[in-house]
Amino acid sequence: MSQQVEEIQEKIERVRGEVSKKIVGLEDVLERLLVCMVCDGNALLESNPGLAKTMMVRTVADVTDMDFSRIQNTPDLMPSDVTGTEVIRESATGDKEFVFEKGPVFANIVLADEINRATPKTQASFLEAMEEEQVTAGGETYDLPRPFFVLATQNPIDQEGTYPLPEAQQDRFMLKLTLDYPNFDEEAEIVNRYTRQREDDIEVERVLTKDELLRAQELVRDVPVADDIRDRAINLVSATRDHEDIEFGASPRATLSLVLGAKGLAFLRGRSYVSEEDLEEMAIPVLRHRIIVDFRAEREGRTEEDVVREILK
Amino acid sequence: MTGAEELLQAEKEIRREGAKAAFLHSAIETTLVFVAVFLVIDSSSPSWLPATVGTDAVTVPGSAVAAVVAGVVFFAVDSVLVYRSRTVEYFEEANPQVEEALRTARDAARRNEETEMAERLYSDVLEELRTTSSEGFVSVRRIVGSLALVVGVGALLLTASIGGMGFGDGLFGNNPFGGGGDSASDQGQGGGGSGGERQYDDLQDPGEVLGETGEVTRGENDQDVELRRSGTGGDGSGETGSAGGGNDYTGGVEVQSQRAEYSPEEEIEDAELVKEYNLKIRGEE
């Protein structure tokens, strides 16, 4: 029993190793991405272009034996382009019938690139799929494959012609991850690695099956949490509702994500219990997109991360 | 027995260890209190305390009885206080390697969680507890400090008794100076004791200690000294007496040499001048 847990933890550790064959740096982002996966959550990824978001997600899909699809969001993207649509198809007998043609959202890992470029209607179709893990079309309901994981990206610059995600919809993303530029050594390694060979030349091994990932998700939910750590999570989230610099605080869904994320991090690190550090490490990625600093604080240059850090002290 | 039950059992075991540690602390500190109270009471001999307690067959010094009572009361209070402080939380703090895991496991066990991860946690924590010492419950510094004080106060008691300073007569034999007594009957060292039970007649007469008293004749060493000045010093011609060497002193009687004396408060301004004068006086004798 315990051996199986250790085996899965070991395999997830190997996932990191395999992904790092292709991705230089970004260890923290990868770890949180895996936290999201083992918690059965979705992530919002914010970064400038060219920081290997797509490559990372595709590599994770490769090493975890999962279907991967990428949707490039544009203003003319329709909900049916995402979820699928019914088409008329002629059968072998010559009869014509409506057949549901599944859209790109029917994959284990869906990369929704630049989600803020899609119209609110299309965004809503994504978010509904994320929340319900099913798609309804033509009166029929279709379950999405399990595990199901949406990674949506946003570009912090070039906001013209975008439809920023409403706060209520951002709340549905378990984590918001931000990517920084690599440091000098990392960038030198990237240059060395990818000017001598192509991305496809680097082979990664498939180390984690879908079933094992689903099992990991069950185990993560079973990780025990001490009462005082649970209480601290509640107090942390509550504090965002009363903080003077915050216009809108985080919802109870944030508390759920915080505790679950801390469980996921503990599991990834081979522990059977949640520590204070797990909670603190997850606080910023869980809360930063769920709170809004008020005008005065924003004018003083304070960000959501600053406020969360202050609450953590 | 499930993992949760085993863990709760382990928690009880930790509490038992805490109780043992509390007993150890309290026992040592009670010894200290006993010795200290005994020392204080025996040295002050309060009037309200009888010198001895007991029957004709068995008598116990009153100070010892008071010290025992104080020790019992202290032990009762201290052991409860220390026991309350030696909680499982205290154990967790003293053993940081199991702190969070044990805390989480205890909470999970109380919720009767029996999931795979919870069982794994119980198993890990129980394994860790097997190699964790409960010595964290014992405050070594506190024990060493208490023992040092016990030894120190005990040594003081013993030394004072042997040296006849008046402590510990109840335990170590007769006390030559007694102790206590009301202020009215105090006589110098230690007083005579107001209760009348203690007899120290041999020391009531200071003459026995200091010897016979007698008249002492006053010393006398009067000497007549005549000082005569001659010479030309100070006549306004620019010569001073000292420069001209004209200061002559002649004694009318013989002056015996005496031991030079000076007052420490006075500062000798010119030792050489004093010496010169001294030599001149002797040369003229």
# chains A, B, ... in the order shown; residues from 1 in each chain; ligands from 1
>>> interface_residues(of="chain B", to="chain A", cutoff="12 Å", atoms="only C-alpha atoms", output="MDAnalysis selection string")
chainID B and resid 97:125
>>> residues_around(residues="A:Ser20", least_positions_apart="3", cutoff="10 Å", atoms="only C-alpha atoms", output="mmCIF file with all heavy atoms, in the first residue's frame")
data_model
loop_
_atom_site.group_PDB
_atom_site.id
_atom_site.type_symbol
_atom_site.label_atom_id
_atom_site.label_comp_id
_atom_site.auth_asym_id
_atom_site.auth_seq_id
_atom_site.Cartn_x
_atom_site.Cartn_y
_atom_site.Cartn_z
ATOM 1 N N ARG A 14 10.325 11.455 -11.440
ATOM 2 C CA ARG A 14 10.967 11.156 -12.727
ATOM 3 C C ARG A 14 10.384 12.010 -13.847
ATOM 4 O O ARG A 14 11.083 12.345 -14.804
ATOM 5 C CB ARG A 14 10.806 9.665 -13.064
ATOM 6 C CG ARG A 14 11.751 8.781 -12.248
ATOM 7 C CD ARG A 14 11.624 7.333 -12.664
ATOM 8 N NE ARG A 14 12.016 7.114 -14.049
ATOM 9 C CZ ARG A 14 11.673 6.043 -14.771
ATOM 10 N NH1 ARG A 14 10.910 5.119 -14.222
ATOM 11 N NH2 ARG A 14 12.086 5.911 -16.008
ATOM 12 N N VAL A 15 9.109 12.374 -13.713
ATOM 13 C CA VAL A 15 8.502 13.268 -14.713
ATOM 14 C C VAL A 15 9.292 14.573 -14.767
ATOM 15 O O VAL A 15 9.612 15.086 -15.837
ATOM 16 C CB VAL A 15 7.015 13.547 -14.365
ATOM 17 C CG1 VAL A 15 6.462 14.691 -15.206
ATOM 18 C CG2 VAL A 15 6.176 12.301 -14.577
ATOM 19 N N ARG A 16 9.613 15.062 -13.591
ATOM 20 C CA ARG A 16 10.386 16.307 -13.541
ATOM 21 C C ARG A 16 11.717 16.149 -14.262
ATOM 22 O O ARG A 16 12.141 17.027 -15.015
ATOM 23 C CB ARG A 16 10.691 16.672 -12.083
ATOM 24 C CG ARG A 16 9.513 17.106 -11.303
ATOM 25 C CD ARG A 16 9.992 17.911 -10.133
ATOM 26 N NE ARG A 16 9.305 17.582 -8.906
ATOM 27 C CZ ARG A 16 9.413 18.291 -7.799
ATOM 28 N NH1 ARG A 16 10.200 19.320 -7.769
ATOM 29 N NH2 ARG A 16 8.746 17.947 -6.722
ATOM 30 N N GLY A 17 12.341 15.018 -13.988
ATOM 31 C CA GLY A 17 13.641 14.762 -14.624
ATOM 32 C C GLY A 17 13.527 14.705 -16.138
ATOM 33 O O GLY A 17 14.357 15.270 -16.859
ATOM 34 N N ILE A 23 13.386 21.275 -20.977
ATOM 35 C CA ILE A 23 13.162 22.616 -20.445
ATOM 36 C C ILE A 23 14.317 22.988 -19.514
ATOM 37 O O ILE A 23 14.611 22.259 -18.564
ATOM 38 C CB ILE A 23 11.832 22.680 -19.656
ATOM 39 C CG1 ILE A 23 10.660 22.241 -20.540
ATOM 40 C CG2 ILE A 23 11.595 24.074 -19.088
ATOM 41 C CD1 ILE A 23 10.365 23.141 -21.716
ATOM 42 N N VAL A 24 14.899 24.120 -19.792
ATOM 43 C CA VAL A 24 16.000 24.597 -18.947
ATOM 44 C C VAL A 24 15.411 25.568 -17.923
ATOM 45 O O VAL A 24 14.680 26.499 -18.287
ATOM 46 C CB VAL A 24 17.064 25.307 -19.797
ATOM 47 C CG1 VAL A 24 18.197 25.825 -18.912
ATOM 48 C CG2 VAL A 24 17.596 24.373 -20.862
ATOM 49 N N GLY A 25 15.758 25.340 -16.660
ATOM 50 C CA GLY A 25 15.222 26.203 -15.590
ATOM 51 C C GLY A 25 13.738 25.935 -15.387
ATOM 52 O O GLY A 25 13.245 24.828 -15.633
ATOM 53 N N LEU A 26 13.035 26.944 -14.923
ATOM 54 C CA LEU A 26 11.578 26.877 -14.705
ATOM 55 C C LEU A 26 11.171 25.709 -13.786
ATOM 56 O O LEU A 26 10.069 25.176 -13.900
ATOM 57 C CB LEU A 26 10.818 26.750 -16.033
ATOM 58 C CG LEU A 26 11.001 27.878 -17.041
ATOM 59 C CD1 LEU A 26 10.231 27.572 -18.330
ATOM 60 C CD2 LEU A 26 10.556 29.202 -16.480
ATOM 61 N N GLU A 27 12.071 25.330 -12.880
ATOM 62 C CA GLU A 27 11.767 24.201 -11.986
ATOM 63 C C GLU A 27 10.536 24.485 -11.125
ATOM 64 O O GLU A 27 9.685 23.604 -10.940
ATOM 65 C CB GLU A 27 12.959 23.880 -11.062
ATOM 66 C CG GLU A 27 14.134 23.200 -11.742
ATOM 67 C CD GLU A 27 15.129 24.192 -12.295
ATOM 68 O OE1 GLU A 27 14.895 25.414 -12.144
ATOM 69 O OE2 GLU A 27 16.135 23.774 -12.898
ATOM 70 N N LEU A 30 7.386 24.264 -13.196
ATOM 71 C CA LEU A 30 7.072 22.862 -13.484
ATOM 72 C C LEU A 30 6.489 22.171 -12.252
ATOM 73 O O LEU A 30 5.514 21.407 -12.354
ATOM 74 C CB LEU A 30 8.343 22.138 -13.956
ATOM 75 C CG LEU A 30 8.176 20.648 -14.224
ATOM 76 C CD1 LEU A 30 7.146 20.393 -15.318
ATOM 77 C CD2 LEU A 30 9.511 20.015 -14.612
ATOM 78 N N MET A 56 6.834 23.230 -22.661
ATOM 79 C CA MET A 56 6.755 22.590 -21.341
ATOM 80 C C MET A 56 5.493 21.732 -21.233
ATOM 81 O O MET A 56 5.556 20.568 -20.807
ATOM 82 C CB MET A 56 6.765 23.648 -20.235
ATOM 83 C CG MET A 56 6.645 23.043 -18.850
ATOM 84 S SD MET A 56 6.404 24.260 -17.568
ATOM 85 C CE MET A 56 8.038 24.834 -17.334
ATOM 86 N N THR A 59 5.695 18.686 -23.410
ATOM 87 C CA THR A 59 6.623 17.697 -22.857
ATOM 88 C C THR A 59 5.991 16.964 -21.679
ATOM 89 O O THR A 59 6.144 15.741 -21.537
ATOM 90 C CB THR A 59 7.934 18.386 -22.407
ATOM 91 O OG1 THR A 59 8.413 19.186 -23.471
ATOM 92 C CG2 THR A 59 8.988 17.374 -22.025
ATOM 93 N N VAL A 60 5.268 17.721 -20.853
ATOM 94 C CA VAL A 60 4.580 17.071 -19.718
ATOM 95 C C VAL A 60 3.587 16.042 -20.253
ATOM 96 O O VAL A 60 3.474 14.920 -19.733
ATOM 97 C CB VAL A 60 3.871 18.127 -18.836
ATOM 98 C CG1 VAL A 60 2.938 17.454 -17.836
ATOM 99 C CG2 VAL A 60 4.887 18.980 -18.101
ATOM 100 N N VAL A 204 12.186 12.019 -24.770
ATOM 101 C CA VAL A 204 11.807 11.870 -23.357
ATOM 102 C C VAL A 204 11.066 10.550 -23.193
ATOM 103 O O VAL A 204 10.402 10.069 -24.109
ATOM 104 C CB VAL A 204 10.918 13.047 -22.873
ATOM 105 C CG1 VAL A 204 11.698 14.332 -22.794
ATOM 106 C CG2 VAL A 204 9.684 13.215 -23.734
#
>>> residues_around(residues="B:Gly71", least_positions_apart="4", cutoff="6 Å", atoms="only C-alpha atoms", output="PyMOL selection string")
chain B and resi 30+33-34+67+75
>>> atom_distance(atom1="atom CA of A:Ala118", atom2="atom CA of A:Lys53")
18.6 Å
>>> atom_distance(atom1="atom CA of A:Pro79", atom2="atom CA of A:Glu140")
15.7 Å
>>> residues_around(residues="stretch 154-163 of chain A", least_positions_apart="2", cutoff="7 Å", atoms="only C-alpha atoms", output="PyMOL selection string")
chain A and resi 45-48+114-120+152+165
>>> decode(residues="stretch 73-209 of chain A", atoms="C-alpha atoms", output="CSV table (one decimal), in the first residue's frame")
chain,number,residue,atom,x,y,z
A,73,ASN,CA,-7.5,31.8,-29.1
A,74,THR,CA,-8.5,34.6,-31.4
A,75,PRO,CA,-11.5,36.9,-31.4
A,76,ASP,CA,-13.3,34.9,-34.1
A,77,LEU,CA,-12.9,31.6,-32.3
A,78,MET,CA,-16.4,30.2,-31.7
A,79,PRO,CA,-17.4,28.0,-28.7
A,80,SER,CA,-18.1,25.1,-31.1
A,81,ASP,CA,-14.5,25.4,-32.3
A,82,VAL,CA,-13.5,24.5,-28.8
A,83,THR,CA,-16.1,22.0,-27.6
A,84,GLY,CA,-17.1,20.5,-30.9
A,85,THR,CA,-20.1,20.5,-33.1
A,86,GLU,CA,-22.7,18.3,-34.7
A,87,VAL,CA,-22.1,17.5,-38.3
A,88,ILE,CA,-24.2,15.6,-40.8
A,89,ARG,CA,-22.6,12.4,-41.8
A,90,GLU,CA,-23.7,9.8,-44.2
A,91,SER,CA,-23.7,6.3,-43.0
A,92,ALA,CA,-22.7,3.2,-45.0
A,93,THR,CA,-26.4,2.6,-45.7
A,94,GLY,CA,-26.7,6.0,-47.2
A,95,ASP,CA,-28.6,7.4,-44.2
A,96,LYS,CA,-27.7,10.9,-43.0
A,97,GLU,CA,-27.3,11.5,-39.3
A,98,PHE,CA,-26.0,14.1,-36.9
A,99,VAL,CA,-22.8,13.1,-35.4
A,100,PHE,CA,-21.0,15.0,-32.7
A,101,GLU,CA,-17.5,15.9,-33.8
A,102,LYS,CA,-15.5,16.4,-30.7
A,103,GLY,CA,-13.6,19.6,-30.5
A,104,PRO,CA,-10.0,20.1,-29.2
A,105,VAL,CA,-11.2,20.4,-25.7
A,106,PHE,CA,-11.5,16.6,-25.7
A,107,ALA,CA,-7.9,16.0,-24.6
A,108,ASN,CA,-6.2,15.3,-21.4
A,109,ILE,CA,-4.1,18.4,-21.5
A,110,VAL,CA,-5.5,21.4,-23.3
A,111,LEU,CA,-3.3,24.4,-23.8
A,112,ALA,CA,-5.5,27.4,-24.4
A,113,ASP,CA,-3.0,29.9,-25.7
A,114,GLU,CA,-3.8,33.6,-25.1
A,115,ILE,CA,-7.2,32.9,-23.7
A,116,ASN,CA,-7.9,36.6,-23.2
A,117,ARG,CA,-8.0,37.0,-27.0
A,118,ALA,CA,-11.1,34.8,-27.2
A,119,THR,CA,-14.5,36.5,-26.8
A,120,PRO,CA,-16.2,36.1,-23.5
A,121,LYS,CA,-18.6,33.6,-25.0
A,122,THR,CA,-15.8,31.3,-26.1
A,123,GLN,CA,-14.0,31.8,-22.8
A,124,ALA,CA,-17.2,30.8,-21.0
A,125,SER,CA,-17.3,27.6,-23.0
A,126,PHE,CA,-13.8,26.8,-21.9
A,127,LEU,CA,-14.5,27.6,-18.3
A,128,GLU,CA,-17.7,25.5,-18.3
A,129,ALA,CA,-15.7,22.6,-19.6
A,130,MET,CA,-13.1,23.1,-16.9
A,131,GLU,CA,-15.7,23.3,-14.2
A,132,GLU,CA,-18.1,20.5,-15.3
A,133,GLU,CA,-15.5,18.3,-17.0
A,134,GLN,CA,-18.2,17.7,-19.6
A,135,VAL,CA,-19.6,19.3,-22.7
A,136,THR,CA,-23.2,19.6,-23.7
A,137,ALA,CA,-24.0,19.9,-27.4
A,138,GLY,CA,-27.3,19.2,-29.3
A,139,GLY,CA,-28.9,18.1,-26.0
A,140,GLU,CA,-26.3,15.5,-25.4
A,141,THR,CA,-23.7,15.6,-22.6
A,142,TYR,CA,-20.3,14.3,-23.4
A,143,ASP,CA,-17.8,13.6,-20.6
A,144,LEU,CA,-14.3,15.0,-21.1
A,145,PRO,CA,-11.5,12.5,-20.8
A,146,ARG,CA,-9.9,11.9,-17.5
A,147,PRO,CA,-7.6,13.3,-16.4
A,148,PHE,CA,-8.5,16.7,-17.7
A,149,PHE,CA,-6.3,19.7,-17.4
A,150,VAL,CA,-6.5,23.1,-18.9
A,151,LEU,CA,-3.5,25.4,-19.1
A,152,ALA,CA,-4.5,28.8,-20.2
A,153,THR,CA,-1.9,31.4,-21.1
A,154,GLN,CA,-2.2,35.2,-21.0
A,155,ASN,CA,0.2,37.7,-22.3
A,156,PRO,CA,0.8,40.5,-19.8
A,157,ILE,CA,1.7,43.0,-22.6
A,158,ASP,CA,-0.1,43.9,-25.8
A,159,GLN,CA,-3.5,44.1,-24.2
A,160,GLU,CA,-5.2,45.8,-27.2
A,161,GLY,CA,-8.1,43.8,-28.6
A,162,THR,CA,-8.2,41.4,-25.7
A,163,TYR,CA,-11.1,40.4,-23.4
A,164,PRO,CA,-9.6,40.1,-19.9
A,165,LEU,CA,-10.9,37.2,-17.9
A,166,PRO,CA,-13.5,38.3,-15.4
A,167,GLU,CA,-12.5,37.8,-11.7
A,168,ALA,CA,-15.2,35.2,-11.3
A,169,GLN,CA,-13.8,33.2,-14.1
A,170,GLN,CA,-10.2,33.6,-13.0
A,171,ASP,CA,-11.3,32.2,-9.7
A,172,ARG,CA,-11.8,28.8,-11.4
A,173,PHE,CA,-8.1,28.5,-12.1
A,174,MET,CA,-6.5,26.8,-9.2
A,175,LEU,CA,-3.2,28.5,-9.7
A,176,LYS,CA,-1.8,31.4,-11.6
A,177,LEU,CA,1.8,30.9,-12.6
A,178,THR,CA,4.1,33.5,-13.9
A,179,LEU,CA,7.2,32.9,-15.8
A,180,ASP,CA,10.3,35.0,-15.6
A,181,TYR,CA,13.1,35.3,-18.1
A,182,PRO,CA,15.9,32.8,-17.7
A,183,ASN,CA,19.1,34.0,-16.1
A,184,PHE,CA,22.4,34.2,-18.1
A,185,ASP,CA,23.5,30.6,-17.4
A,186,GLU,CA,20.1,29.2,-18.2
A,187,GLU,CA,19.9,31.1,-21.4
A,188,ALA,CA,23.4,30.0,-22.4
A,189,GLU,CA,22.3,26.4,-21.8
A,190,ILE,CA,19.1,27.0,-23.9
A,191,VAL,CA,21.3,28.3,-26.7
A,192,ASN,CA,23.7,25.5,-26.5
A,193,ARG,CA,21.0,22.9,-26.4
A,194,TYR,CA,18.8,24.1,-29.2
A,195,THR,CA,21.3,25.5,-31.7
A,196,ARG,CA,23.0,22.1,-32.0
A,197,GLN,CA,19.9,20.0,-32.2
A,198,ARG,CA,16.2,20.3,-32.7
A,199,GLU,CA,13.6,19.9,-30.1
A,200,ASP,CA,12.3,16.7,-31.5
A,201,ASP,CA,15.8,15.2,-31.3
A,202,ILE,CA,15.6,15.2,-27.6
A,203,GLU,CA,13.7,12.1,-26.6
A,204,VAL,CA,11.8,11.9,-23.4
A,205,GLU,CA,10.6,8.7,-21.7
A,206,ARG,CA,7.0,8.1,-20.8
A,207,VAL,CA,7.2,7.5,-17.1
A,208,LEU,CA,3.7,8.1,-15.7
A,209,THR,CA,0.5,6.6,-17.0
